Structures are given as C-alpha cells and as structure tokens.
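A.B. asks: Structure file my_file-v6.cif, mmCIF, C-alpha atoms and all ligand atoms, is pasted below:
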```cif
data_my_file
#
loop_
_atom_site.group_PDB
_atom_site.id
_atom_site.type_symbol
_atom_site.label_atom_id
_atom_site.label_comp_id
_atom_site.auth_asym_id
_atom_site.auth_seq_id
_atom_site.Cartn_x
_atom_site.Cartn_y
_atom_site.Cartn_z
ATOM 1 C CA MET A 36 172.680 -56.208 101.417
ATOM 2 C CA ASP A 37 173.342 -57.161 105.018
ATOM 3 C CA ILE A 38 172.478 -55.087 108.024
ATOM 4 C CA LYS A 39 175.926 -53.484 108.116
ATOM 5 C CA ASP A 40 175.554 -52.186 104.543
ATOM 6 C CA ILE A 41 172.072 -50.900 105.270
ATOM 7 C CA LYS A 42 173.318 -49.064 108.342
ATOM 8 C CA LYS A 43 176.123 -47.549 106.300
ATOM 9 C CA ALA A 44 173.738 -46.516 103.507
ATOM 10 C CA VAL A 45 171.442 -44.870 106.038
ATOM 11 C CA THR A 46 174.360 -43.061 107.663
ATOM 12 C CA ASP A 47 175.657 -41.867 104.283
ATOM 13 C CA THR A 48 172.217 -40.628 103.267
ATOM 14 C CA ALA A 49 171.795 -38.843 106.571
ATOM 15 C CA ALA A 50 175.204 -37.226 106.176
ATOM 16 C CA THR A 51 174.346 -36.046 102.663
ATOM 17 C CA ALA A 52 170.931 -34.818 103.743
ATOM 18 C CA GLY A 53 172.560 -33.073 106.688
ATOM 19 C CA LYS A 54 175.038 -31.337 104.421
ATOM 20 C CA LYS A 55 172.282 -30.286 102.023
ATOM 21 C CA ALA A 56 170.212 -29.028 104.935
ATOM 22 C CA SER A 57 173.126 -26.967 106.227
ATOM 23 C CA ASP A 58 173.670 -25.559 102.722
ATOM 24 C CA VAL A 59 170.016 -24.556 102.639
ATOM 25 C CA VAL A 60 170.309 -23.006 106.104
ATOM 26 C CA ASN A 61 173.408 -21.085 105.014
ATOM 27 C CA LYS A 62 171.678 -19.879 101.864
ATOM 28 C CA THR A 63 168.659 -18.841 103.893
ATOM 29 C CA LYS A 64 170.922 -16.992 106.341
ATOM 30 C CA ILE A 65 172.701 -15.251 103.480
ATOM 31 C CA LYS A 66 169.410 -14.289 101.847
ATOM 32 C CA PHE A 67 168.183 -12.962 105.177
ATOM 33 C CA ALA A 68 171.396 -10.965 105.574
ATOM 34 C CA LEU A 69 170.978 -9.665 102.020
ATOM 35 C CA ALA A 70 167.437 -8.509 102.792
ATOM 36 C CA ASN A 71 168.735 -6.620 105.842
ATOM 37 C CA MET A 72 171.559 -5.109 103.800
ATOM 38 C CA GLN A 73 169.037 -4.027 101.158
ATOM 39 C CA THR A 74 167.073 -2.238 103.898
ATOM 40 C CA ASP A 75 170.288 -0.529 105.055
ATOM 41 C CA LEU A 76 171.069 0.378 101.465
ATOM 42 C CA ASP A 77 167.617 1.886 100.932
ATOM 43 C CA GLU A 78 168.077 3.888 104.133
ATOM 44 C CA LEU A 79 171.488 5.159 102.992
ATOM 45 C CA TYR A 80 170.003 6.186 99.640
ATOM 46 C CA GLU A 81 167.221 7.984 101.484
ATOM 47 C CA ARG A 82 169.707 9.854 103.707
ATOM 48 C CA LEU A 83 171.773 10.733 100.662
ATOM 49 C CA GLY A 84 168.644 12.009 98.926
ATOM 50 C CA LYS A 85 167.787 14.162 101.961
ATOM 51 C CA LEU A 86 171.321 15.617 102.085
ATOM 52 C CA TYR A 87 171.138 16.356 98.390
ATOM 53 C CA TYR A 88 167.728 17.962 98.796
ATOM 54 C CA ASP A 89 169.005 20.189 101.623
ATOM 55 C CA ALA A 90 172.082 21.073 99.596
ATOM 56 C CA VAL A 91 170.051 22.122 96.585
ATOM 57 C CA SER A 92 167.040 23.710 98.277
ATOM 58 C CA LYS A 93 168.788 25.424 101.207
ATOM 59 C CA GLY A 94 172.277 25.795 99.797
ATOM 60 C CA VAL A 95 173.754 23.726 102.658
ATOM 61 C CA ASP A 96 177.181 22.277 101.857
ATOM 62 C CA ASN A 97 176.799 18.561 102.533
ATOM 63 C CA GLY A 98 179.648 17.460 100.279
ATOM 64 C CA THR A 99 181.643 15.705 103.021
ATOM 65 C CA LYS A 100 178.594 13.916 104.436
ATOM 66 C CA GLU A 101 177.515 12.889 100.949
ATOM 67 C CA SER A 102 180.960 11.476 100.143
ATOM 68 C CA ALA A 103 180.949 9.485 103.385
ATOM 69 C CA LEU A 104 177.528 8.048 102.562
ATOM 70 C CA ILE A 105 178.566 7.187 99.009
ATOM 71 C CA THR A 106 181.616 5.334 100.344
ATOM 72 C CA LYS A 107 179.343 3.366 102.703
ATOM 73 C CA ILE A 108 176.915 2.606 99.871
ATOM 74 C CA ASP A 109 179.706 1.424 97.571
ATOM 75 C CA SER A 110 181.171 -0.905 100.163
ATOM 76 C CA LEU A 111 177.734 -2.260 101.118
ATOM 77 C CA LYS A 112 176.909 -2.903 97.470
ATOM 78 C CA ALA A 113 180.232 -4.673 96.925
ATOM 79 C CA ASP A 114 179.554 -6.930 99.939
ATOM 80 C CA MET A 115 176.064 -7.651 98.642
ATOM 81 C CA GLU A 116 177.358 -8.613 95.198
ATOM 82 C CA ILE A 117 179.682 -11.171 96.804
ATOM 83 C CA LEU A 118 176.838 -12.637 98.869
ATOM 84 C CA LYS A 119 174.485 -12.653 95.882
ATOM 85 C CA ALA A 120 177.029 -14.612 93.852
ATOM 86 C CA GLU A 121 177.355 -16.992 96.819
ATOM 87 C CA VAL A 122 173.653 -17.861 96.829
ATOM 88 C CA GLY A 123 173.243 -17.622 93.074
ATOM 89 C CA VAL A 124 170.742 -14.770 93.207
ATOM 90 C CA PHE A 125 171.915 -13.754 89.788
ATOM 91 C CA PRO A 126 173.132 -16.174 87.132
ATOM 92 C CA ARG A 127 176.885 -16.226 86.579
ATOM 93 C CA ALA A 128 176.201 -15.731 82.886
ATOM 94 C CA GLY A 129 174.542 -12.413 83.619
ATOM 95 C CA LYS A 130 176.070 -9.043 84.270
ATOM 96 C CA VAL A 131 175.454 -6.157 86.597
ATOM 97 C CA CYS A 132 174.091 -2.796 85.495
ATOM 98 C CA PRO A 133 176.798 -0.164 86.068
ATOM 99 C CA GLU A 134 174.119 2.415 86.851
ATOM 100 C CA CYS A 135 171.758 0.771 89.338
ATOM 101 C CA GLY A 136 173.741 -2.356 90.266
ATOM 102 C CA LYS A 137 170.913 -4.771 89.469
ATOM 103 C CA SER A 138 171.520 -8.116 87.850
ATOM 104 C CA ILE A 139 170.558 -8.097 84.173
ATOM 105 C CA PRO A 140 170.775 -10.578 81.280
ATOM 106 C CA LYS A 141 174.187 -10.964 79.672
ATOM 107 C CA ASN A 142 172.950 -9.928 76.230
ATOM 108 C CA ALA A 143 170.875 -6.948 77.447
ATOM 109 C CA GLU A 144 171.433 -3.773 75.466
ATOM 110 C CA PHE A 145 169.845 -1.652 78.152
ATOM 111 C CA CYS A 146 168.994 -2.139 81.809
ATOM 112 C CA PRO A 147 165.359 -3.265 82.270
ATOM 113 C CA TYR A 148 165.330 -1.565 85.707
ATOM 114 C CA CYS A 149 166.788 1.886 85.103
ATOM 115 C CA GLY A 150 166.964 2.057 81.297
ATOM 116 C CA LYS A 151 170.708 2.691 81.135
ATOM 117 C CA ASP A 152 172.305 1.814 77.789
ATOM 118 C CA ILE A 153 174.859 -0.917 78.327
HETATM 119 ZN ZN ZN B 1 170.183 -0.295 85.725
#
```
Take the structure I supplied and represent it as structure tokens, if you would.
Ligand SMILES: [Zn+2]

C.D. replies:
Amino acid sequence: MDIKDIKKAVTDTAATAGKKASDVVNKTKIKFALANMQTDLDELYERLGKLYYDAVSKGVDNGTKESALITKIDSLKADMEILKAEVGVFPRAGKVCPECGKSIPKNAEFCPYCGKDI
C-alpha cells in the first residue's frame, strides 16, 4: 500500500465514520424530539382528563374542546409513530396496541401495558 492508498483509506474511513456519526446525531435528535412530544402528549391527556372531570362533575359541556384536544392527540401520536419507526424504537415485526398506542410484540394476545385484548 503506498501513501496515496493509505490517504484514500483514511479519507474513506473518515467519511464513513462521519456518516455514522451524523446518523447517530439524527437519531439522538429524533429521540429528543420524541421525548418532547411525549411530554406534550402527557399534557394533552391531562387537559383532556380535566375537561372530562369538569364535564362529569360540574355538568359543563366541553364536547367541542374535548374533540379539538383528541384531534391534536391523534395527530401528535401519528407523527410520533413515524419518528419511532425512523429510529427503530419499536421493532418492525411488532405491532401497536390499538388502545394505548404502545409498541407490543407481534404475537401478543393482549397488551402488556393496558391489558387490551388484541
Ligand atoms: Zn395497550
């Protein structure tokens, strides 16, 4: 191997390492974004719970507000599923619980998180 080949090998390795590093950075960014989205999601659930509580305990009609929140939650969850698939948070072979939206094993007969029969 002459010096030219060595230089090329080093450059190639650096390029590969650089690409891997940027993949890792992207994954980290996505995971960070997912964590933030999860916080938003928890907050939306909390607000929805409060609206529901007021509706039931005080007879306040929060139907419109609840629908708006549910729409937000659905779209946030859909975005999160796409990002999760991107970073491989759940295995492709798995499936998602229709009740709680968590990733569960493909052959699961019930959700280990919420107990829903699949
Ligand atoms: Zn579930």

A.B. asks: Would you translate the PyMOL selection byres (((not hetatm)) within 12 of (chain B and resi 1)) into the concrete set of residues it matches in this file, as a list in words?

C.D. replies: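 Written out, the selection comes to Lys130, Val131, Cys132, Pro133, Glu134, Cys135, Gly136, Lys137, Ser138, Ile139, Pro140, Ala143, Glu144, Phe145, Cys146, Pro147, Tyr148, Cys149, Gly150, Lys151, Asp152 and Ile153 of chain A.
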
A.B. asks: Quick check, in Å to one decimal: how far apart do atom CA of A:Ser110 and atom CA of A:Ala70 lie?

C.D. replies: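 Atom CA of A:Ser110 sits 15.9 Å away from atom CA of A:Ala70.
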
A.B. asks: Could you work out an axis-aligned box for stretch 57-76 of chain A, taking every atom the file lists and adding 8 Å on each side, and report centre and edge lengths in Å to one decimal, as AutoDock Vina command-line options?

C.D. replies:
```
--center_x 170.4 --center_y -13.3 --center_z 103.7 --size_x 22.6 --size_y 43.3 --size_z 21.2
```

A.B. asks: Nearest to A:Asn61 among A:Gly129, A:Leu118, A:Lys112, A:Leu104, with distances taken over all atoms listed in the file: which residue is it?

C.D. replies: A:Leu118

A.B. asks: Quick one: distance from atom CA of A:Thr63 to atom CA of A:Val122 in Å, one decimal?

C.D. replies: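 That distance, rounded to one decimal, is 8.7 Å.
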
A.B. asks: Hey, can you check how far atom CA of A:Thr106 sits from atom CA of A:Val91?

C.D. replies: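 Value for the atom CA of A:Thr106-atom CA of A:Val91 distance: 20.7 Å.
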
A.B. asks: For stretch 71-86 of chain A, find every residue with an atom within 7 Å (counting all atoms listed in the file), except residues of its own chain fewer than 5 positions away, and show them as a count of residues only.

C.D. replies: 4

A.B. asks: Between A:Tyr87, A:Ile65, A:Gly98, A:Ser57, which has the minimum distance to A:Ile117 (counting all atoms listed in the file)?

C.D. replies: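 When distances to A:Ile117 are compared using all atoms listed in the file, the smallest one comes from A:Ile65.
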
A.B. asks: So which one's closest to A:Met115, A:Ala103, A:Ala90, A:Leu69, A:Val95? Using only C-alpha atoms, please.

C.D. replies: A:Leu69
